[in-house]
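Notes follow the structure.
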Amino acid sequence: MNEYAHTWYVYTHTPQLAAQRMVDYWEKRVEVFGPEKAFLPLTLDKALRDDTAALENGTVGIFPYKMDDLGRQAVVYDPSKLDSTAHTRESCIRALWYFIHAALEDEDTQRHGALILATPKDVTFSQFDAKQESMIIRTLRGCVPLRVPAVHIIRPASFFFFIWPFIKVVFGKKLKNRVFMHFGSNAVLMKNLKDGFGMHRSLLPCEIGGFILYDQVGWLRKRREQGA
């Protein structure tokens with residue numbers, strides 16, 4: 001399903017807003033990919049052909065499993081894996097666009113959106129990149145036609161609370177109210193996610209205490225073989 005149909009799923013019954021969002025989308029896509037790649041297919045061998053490092057290192061990604069009662073997938077973000085020597089900020093954003101569009105291939109995601117699963121527990125203060133954070137959040141705030149019903153921040157590092165007042169300004173009022181922070185042992189975390197958000201341990205990644213061991217590089221390899 002193309003970007004136009006995605007937009008209609010997100011902005012049902014609001015044609016004027018949908019039309020404006022389409023314009024905004026293509027303007028941002030040209031900004032992110034440049035005029036030479038913006039109109040290429042968002043596939044690994046086309047528009048993303050120079051972004052392998054950012055796609056594979058795990059800073060951003062997709063957890064392509066139905067992880068809650070509404071069948072939503074998650075876009076994942078782990079700032080502890082950020083490596084400015086391996087790829088640029090812009091490459092990371094292009095990778096994020098790819099993962100979001102991969103999630104939008106699923107009709108449940110088109111209707112119900114995708115969760116954001118952030119795992120900043122192991123990030124160091126020296127890795128914190130305010131500009132990168134802002135670029136990621138602004139992408140999620142409306143540049144792409146994706147509903148974001150909830151942002152789950154799992155066990156943030158202690159210094160996170162010093163920078164949160166600045167980060168939440170970038171989130172904006174609407175998205176800021178959908179941010180949930182989680183703490184505690186694996187057992188406590190799994191219970192809270194299940195009871196409060198319908199997220200089941202059997203469908204959550206092992207990095208946060210779930211049962212699924214997800215291989216992002218392997219997933220990308222299959223996508224490449226499929227021409228996706």
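In the structure tokens, chains take letters A, B, ... by order of appearance, with residues numbered from 1 within each chain and ligands from 1 in the order shown.
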
I'd like the neighbourhood of range 134-143 of chain A as a PyMOL selection string, where a residue qualifies if any of its atoms comes within 7 Å (using only C-alpha atoms), though same-chain residues fewer than 6 positions away should be ignored. chain A and resi 24-25+28+93+170-171

Pick out the residues sitting within 12 Å of range 206-217 of chain A, and hand them over as a count of residues only; count only C-alpha atoms, and ignore anything fewer than 2 positions along from it in its own chain. 55

Pull the strand (DSSP E) assignments for range 18-174 of chain A out of DSSP run on the backbone, and list those residues as a list in words. Val60, Gly61, Ile62, Phe63, Ala74, Val75, Val76, Tyr77, Leu115, Ile116, Leu117, Ala118, Val151, His152, Ile153 and Ile154 of chain A

Would you give me, as a PyMOL selection string, the residues in range 19-205 of chain A that DSSP reads as helix (DSSP H, G or I)? chain A and resi 19-33+52-56+79-81+89-103+107-112+125-127+130-143+160-176+186-197+201-203

For Ile163 in chain A, please output as a list in words all residues within 12 Å (counting only C-alpha atoms; exclusion window: fewer than 4 positions along the same chain). Phe125, Phe128, Asp129, Ala130, Glu133, Pro156, Ala157, Ser158, Phe159, Ile167, Lys168, Val169 and Val170 of chain A

In Å to one decimal, how far is CA of Lys173 in chain A from CA of Gly196 in chain A? 21.8 Å

Write out as a PyMOL selection string each polymer residue whose atoms come within 8 Å of Thr43 in chain A, counting only C-alpha atoms; drop sequence neighbours fewer than 3 positions from it. chain A and resi 46-49+98+224+227-228

Residues near Asp108 in chain A, cut-off 9 Å, only C-alpha atoms, skip fewer than 2 positions along chain, as a list in words: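 Counting only the stated atoms, we get Leu70, Gly71, Arg72, Gln73, Leu104, Glu105, Asp106, Gln110, Arg111, His112, Gly113 and Ala114 of chain A.
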
Residues at most 9 Å from Val151 in chain A, counting only C-alpha atoms, excluding those fewer than 3 positions away in the same chain, as a PyMOL selection string? chain A and resi 115-118+148+175-176+178-181

Those same residues, written as a PDB file, in the first residue's frame with C-alpha atoms?
ATOM      1  CA  LEU A 115       4.397   1.543  19.528  1.00  0.00           C
ATOM      2  CA  ILE A 116       7.730   3.214  20.195  1.00  0.00           C
ATOM      3  CA  LEU A 117       9.972   1.102  22.419  1.00  0.00           C
ATOM      4  CA  ALA A 118      12.993   3.002  23.745  1.00  0.00           C
ATOM      5  CA  VAL A 148       2.079   6.697  17.652  1.00  0.00           C
ATOM      6  CA  LEU A 175       2.959  13.036  21.993  1.00  0.00           C
ATOM      7  CA  LYS A 176       4.325  13.983  25.414  1.00  0.00           C
ATOM      8  CA  ARG A 178       1.635   9.352  25.402  1.00  0.00           C
ATOM      9  CA  VAL A 179       5.029   8.771  27.000  1.00  0.00           C
ATOM     10  CA  PHE A 180       5.241   6.062  29.672  1.00  0.00           C
ATOM     11  CA  MET A 181       8.342   5.274  31.711  1.00  0.00           C
TER      12      MET A 181
END
